[in-house]
$ cat entry_35.pdb   # PDB, C-alpha atoms, pLDDT in the B column
ATOM      1  CA  MET A 486     -13.960  -2.528  11.152  1.00 67.00           C
ATOM      2  CA  ASP A 487     -14.235  -1.341   7.607  1.00 73.00           C
ATOM      3  CA  MET A 488     -12.858   2.017   6.560  1.00 78.00           C
ATOM      4  CA  ALA A 489     -12.277   4.083   3.461  1.00 83.00           C
ATOM      5  CA  ASP A 490      -9.194   3.111   1.475  1.00 83.00           C
ATOM      6  CA  ASN A 491      -7.796   6.637   1.575  1.00 91.00           C
ATOM      7  CA  ARG A 492      -7.780   6.702   5.427  1.00 91.00           C
ATOM      8  CA  ARG A 493      -6.634   3.146   6.059  1.00 88.00           C
ATOM      9  CA  ASP A 494      -2.964   4.054   6.579  1.00 92.00           C
ATOM     10  CA  ASP A 495      -3.949   6.739   9.096  1.00 93.00           C
ATOM     11  CA  MET A 496      -5.988   4.229  11.094  1.00 91.00           C
ATOM     12  CA  ILE A 497      -3.191   1.666  11.128  1.00 91.00           C
ATOM     13  CA  LYS A 498      -0.698   4.302  12.259  1.00 94.00           C
ATOM     14  CA  TYR A 499      -3.075   5.420  15.039  1.00 94.00           C
ATOM     15  CA  ALA A 500      -3.599   1.858  16.252  1.00 93.00           C
ATOM     16  CA  LYS A 501       0.144   1.164  16.279  1.00 95.00           C
ATOM     17  CA  GLU A 502       0.840   4.328  18.253  1.00 96.00           C
ATOM     18  CA  LYS A 503      -1.964   3.644  20.737  1.00 96.00           C
ATOM     19  CA  TYR A 504      -1.530  -0.123  21.256  1.00 96.00           C
ATOM     20  CA  GLY A 505       2.016  -0.844  20.013  1.00 96.00           C
ATOM     21  CA  THR A 506       3.117  -2.487  16.793  1.00 94.00           C
ATOM     22  CA  ASP A 507       3.170  -5.925  18.412  1.00 95.00           C
ATOM     23  CA  HIS A 508      -0.580  -5.635  19.126  1.00 95.00           C
ATOM     24  CA  VAL A 509      -1.784  -4.582  15.664  1.00 94.00           C
ATOM     25  CA  ALA A 510      -2.487  -6.907  12.741  1.00 91.00           C
ATOM     26  CA  GLN A 511      -4.065  -6.543   9.343  1.00 86.00           C
ATOM     27  CA  ILE A 512      -6.590  -9.073   8.130  1.00 84.00           C
ATOM     28  CA  GLY A 513      -7.728  -9.400   4.540  1.00 80.00           C
ATOM     29  CA  THR A 514     -10.945 -10.999   3.425  1.00 77.00           C
ATOM     30  CA  PHE A 515     -11.898 -12.306   0.037  1.00 77.00           C
ATOM     31  CA  GLY A 516     -15.285 -12.894  -1.459  1.00 75.00           C
ATOM     32  CA  THR A 517     -16.400 -14.823  -4.469  1.00 76.00           C
ATOM     33  CA  MET A 518     -18.930 -13.904  -7.083  1.00 81.00           C
ATOM     34  CA  LEU A 519     -21.289 -16.186  -8.888  1.00 88.00           C
ATOM     35  CA  ALA A 520     -21.248 -16.324 -12.673  1.00 92.00           C
ATOM     36  CA  ARG A 521     -24.207 -14.007 -13.260  1.00 92.00           C
ATOM     37  CA  GLY A 522     -22.890 -11.254 -11.015  1.00 92.00           C
ATOM     38  CA  SER A 523     -19.418 -11.564 -12.502  1.00 92.00           C
ATOM     39  CA  VAL A 524     -20.729 -11.061 -16.022  1.00 94.00           C
ATOM     40  CA  ARG A 525     -22.706  -7.991 -14.964  1.00 94.00           C
ATOM     41  CA  ASP A 526     -19.701  -6.449 -13.193  1.00 94.00           C
ATOM     42  CA  VAL A 527     -17.283  -7.120 -16.058  1.00 95.00           C
ATOM     43  CA  ALA A 528     -19.692  -5.592 -18.574  1.00 96.00           C
ATOM     44  CA  ARG A 529     -20.080  -2.509 -16.370  1.00 95.00           C
ATOM     45  CA  ALA A 530     -16.318  -2.204 -15.818  1.00 96.00           C
ATOM     46  CA  MET A 531     -15.730  -2.404 -19.558  1.00 97.00           C
ATOM     47  CA  GLY A 532     -18.171   0.442 -20.141  1.00 97.00           C
ATOM     48  CA  PHE A 533     -20.995  -1.558 -21.705  1.00 97.00           C
ATOM     49  CA  PRO A 534     -24.586  -0.591 -20.919  1.00 95.00           C
ATOM     50  CA  TYR A 535     -26.110  -2.319 -17.877  1.00 93.00           C
ATOM     51  CA  GLU A 536     -28.784  -3.824 -20.107  1.00 95.00           C
ATOM     52  CA  LEU A 537     -26.193  -5.777 -22.112  1.00 96.00           C
ATOM     53  CA  GLY A 538     -24.562  -7.291 -19.026  1.00 95.00           C
ATOM     54  CA  ASP A 539     -27.987  -8.123 -17.631  1.00 95.00           C
ATOM     55  CA  LYS A 540     -29.098  -9.732 -20.900  1.00 95.00           C
ATOM     56  CA  ILE A 541     -25.966 -11.894 -21.089  1.00 93.00           C
ATOM     57  CA  SER A 542     -26.160 -12.855 -17.412  1.00 93.00           C
ATOM     58  CA  LYS A 543     -29.734 -14.062 -17.852  1.00 93.00           C
ATOM     59  CA  LEU A 544     -28.469 -16.578 -20.426  1.00 91.00           C
ATOM     60  CA  ILE A 545     -26.468 -18.280 -17.667  1.00 92.00           C
ATOM     61  CA  PRO A 546     -28.479 -21.060 -16.005  1.00 90.00           C
ATOM     62  CA  LEU A 547     -28.923 -21.092 -12.234  1.00 88.00           C
ATOM     63  CA  GLY A 548     -26.906 -23.581 -10.217  1.00 85.00           C
ATOM     64  CA  ALA A 549     -28.651 -26.698  -8.974  1.00 82.00           C
ATOM     65  CA  GLN A 550     -28.485 -29.142  -6.067  1.00 82.00           C
ATOM     66  CA  GLY A 551     -25.963 -27.155  -4.056  1.00 81.00           C
ATOM     67  CA  PHE A 552     -23.556 -26.591  -6.949  1.00 85.00           C
ATOM     68  CA  PRO A 553     -23.176 -22.930  -7.862  1.00 86.00           C
ATOM     69  CA  MET A 554     -23.021 -22.176 -11.554  1.00 89.00           C
ATOM     70  CA  THR A 555     -19.593 -21.309 -12.901  1.00 89.00           C
ATOM     71  CA  ILE A 556     -18.906 -19.626 -16.217  1.00 90.00           C
ATOM     72  CA  ASP A 557     -17.082 -22.727 -17.504  1.00 90.00           C
ATOM     73  CA  ARG A 558     -19.992 -24.966 -16.551  1.00 89.00           C
ATOM     74  CA  ALA A 559     -22.507 -22.537 -18.062  1.00 89.00           C
ATOM     75  CA  LEU A 560     -20.605 -22.478 -21.351  1.00 89.00           C
ATOM     76  CA  LYS A 561     -20.687 -26.283 -21.491  1.00 89.00           C
ATOM     77  CA  GLU A 562     -24.368 -26.556 -20.564  1.00 86.00           C
ATOM     78  CA  VAL A 563     -25.641 -23.775 -22.812  1.00 85.00           C
ATOM     79  CA  ALA A 564     -23.529 -24.874 -25.806  1.00 76.00           C
ATOM     80  CA  ASN A 565     -25.360 -28.226 -25.898  1.00 64.00           C
TER      81      ASN A 565
END

$ encode --input "entry_35.pdb" --output "structure tokens"
Amino acid sequence: MDMADNRRDDMIKYAKEKYGTDHVAQIGTFGTMLARGSVRDVARAMGFPYELGDKISKLIPLGAQGFPMTIDRALKEVAN
């Protein structure tokens, strides 16, 4: 289940009371972002206009043959 961050503690407390602390566990998941999406998100988080992040991200080549593009790889490929 996914729940709002501000109610997470309430849900964990409820589950522990209902099922017992030895029957409740927390699981974290992590995702990864590709280079283009990362650049867009960083630009947005830093307060730059969406258009700037989009323009920069379009300079990053697409990955090929099953290898996703990384920012390090893009810098090497585009610099040449």

$ axis_aligned_box --input "entry_35.pdb" --around "region 499-502 of chain A" --padding-each-side "3 Å" --output "JSON"
{"center_x": -1.4, "center_y": 3.3, "center_z": 16.6, "size_x": 10.4, "size_y": 10.3, "size_z": 9.2}

$ residues_around --input "entry_35.pdb" --residues "region 529-544 of chain A" --least-positions-apart "4" --cutoff "9 Å" --atoms "only C-alpha atoms" --output "list of chain:residue names"
A:Ala520, A:Arg521, A:Gly522, A:Ser523, A:Val524, A:Arg525, A:Ala559, A:Val563

$ residues_around --input "entry_35.pdb" --residues "Lys498 (chain A)" --least-positions-apart "6" --cutoff "10 Å" --atoms "only C-alpha atoms" --output "JSON, numbers by chain"
{"A": [505, 506, 509]}

$ residues_near_point --input "entry_35.pdb" --point "(-21.7, -18.0, -4.6)" --cutoff "12 Å" --atoms "all atoms listed in the file" --output "number ranges by chain"
A: 516-523, 547-549, 551-555

$ atom_distance --input "entry_35.pdb" --atom1 "CA of Ala500 (chain A)" --atom2 "CA of Thr514 (chain A)"
19.6 Å

$ build_atoms --input "entry_35.pdb" --residues "region 510-521 of chain A" --atoms "N, CA, C and O atoms" --output "PDB file, in the coordinates of the input"
ATOM      1  N   ALA A 510      -2.602  -6.005  13.887  1.00 91.00           N
ATOM      2  CA  ALA A 510      -2.487  -6.907  12.741  1.00 91.00           C
ATOM      3  C   ALA A 510      -3.477  -6.475  11.665  1.00 91.00           C
ATOM      4  O   ALA A 510      -4.494  -5.841  11.954  1.00 91.00           O
ATOM      5  N   GLN A 511      -3.159  -6.816  10.451  1.00 86.00           N
ATOM      6  CA  GLN A 511      -4.065  -6.543   9.343  1.00 86.00           C
ATOM      7  C   GLN A 511      -4.638  -7.874   8.866  1.00 86.00           C
ATOM      8  O   GLN A 511      -3.920  -8.862   8.749  1.00 86.00           O
ATOM      9  N   ILE A 512      -5.915  -7.867   8.590  1.00 84.00           N
ATOM     10  CA  ILE A 512      -6.590  -9.073   8.130  1.00 84.00           C
ATOM     11  C   ILE A 512      -7.279  -8.757   6.816  1.00 84.00           C
ATOM     12  O   ILE A 512      -8.003  -7.769   6.708  1.00 84.00           O
ATOM     13  N   GLY A 513      -7.063  -9.576   5.832  1.00 80.00           N
ATOM     14  CA  GLY A 513      -7.728  -9.400   4.540  1.00 80.00           C
ATOM     15  C   GLY A 513      -8.826 -10.436   4.374  1.00 80.00           C
ATOM     16  O   GLY A 513      -8.720 -11.555   4.872  1.00 80.00           O
ATOM     17  N   THR A 514      -9.873 -10.055   3.711  1.00 77.00           N
ATOM     18  CA  THR A 514     -10.945 -10.999   3.425  1.00 77.00           C
ATOM     19  C   THR A 514     -11.178 -11.026   1.924  1.00 77.00           C
ATOM     20  O   THR A 514     -10.945 -10.044   1.218  1.00 77.00           O
ATOM     21  N   PHE A 515     -11.633 -12.134   1.448  1.00 77.00           N
ATOM     22  CA  PHE A 515     -11.898 -12.306   0.037  1.00 77.00           C
ATOM     23  C   PHE A 515     -13.298 -12.859  -0.137  1.00 77.00           C
ATOM     24  O   PHE A 515     -13.739 -13.707   0.621  1.00 77.00           O
ATOM     25  N   GLY A 516     -13.958 -12.382  -1.145  1.00 75.00           N
ATOM     26  CA  GLY A 516     -15.285 -12.894  -1.459  1.00 75.00           C
ATOM     27  C   GLY A 516     -15.276 -13.495  -2.854  1.00 75.00           C
ATOM     28  O   GLY A 516     -14.352 -13.289  -3.635  1.00 75.00           O
ATOM     29  N   THR A 517     -16.272 -14.257  -3.132  1.00 76.00           N
ATOM     30  CA  THR A 517     -16.400 -14.823  -4.469  1.00 76.00           C
ATOM     31  C   THR A 517     -17.704 -14.351  -5.080  1.00 76.00           C
ATOM     32  O   THR A 517     -18.653 -14.019  -4.369  1.00 76.00           O
ATOM     33  N   MET A 518     -17.722 -14.319  -6.369  1.00 81.00           N
ATOM     34  CA  MET A 518     -18.930 -13.904  -7.083  1.00 81.00           C
ATOM     35  C   MET A 518     -19.428 -15.077  -7.907  1.00 81.00           C
ATOM     36  O   MET A 518     -18.636 -15.853  -8.439  1.00 81.00           O
ATOM     37  N   LEU A 519     -20.712 -15.174  -8.018  1.00 88.00           N
ATOM     38  CA  LEU A 519     -21.289 -16.186  -8.888  1.00 88.00           C
ATOM     39  C   LEU A 519     -21.207 -15.699 -10.329  1.00 88.00           C
ATOM     40  O   LEU A 519     -20.942 -14.525 -10.604  1.00 88.00           O
ATOM     41  N   ALA A 520     -21.428 -16.607 -11.252  1.00 92.00           N
ATOM     42  CA  ALA A 520     -21.248 -16.324 -12.673  1.00 92.00           C
ATOM     43  C   ALA A 520     -22.081 -15.137 -13.144  1.00 92.00           C
ATOM     44  O   ALA A 520     -21.582 -14.254 -13.848  1.00 92.00           O
ATOM     45  N   ARG A 521     -23.340 -15.084 -12.775  1.00 92.00           N
ATOM     46  CA  ARG A 521     -24.207 -14.007 -13.260  1.00 92.00           C
ATOM     47  C   ARG A 521     -23.725 -12.636 -12.799  1.00 92.00           C
ATOM     48  O   ARG A 521     -23.666 -11.691 -13.575  1.00 92.00           O
TER      49      ARG A 521
END
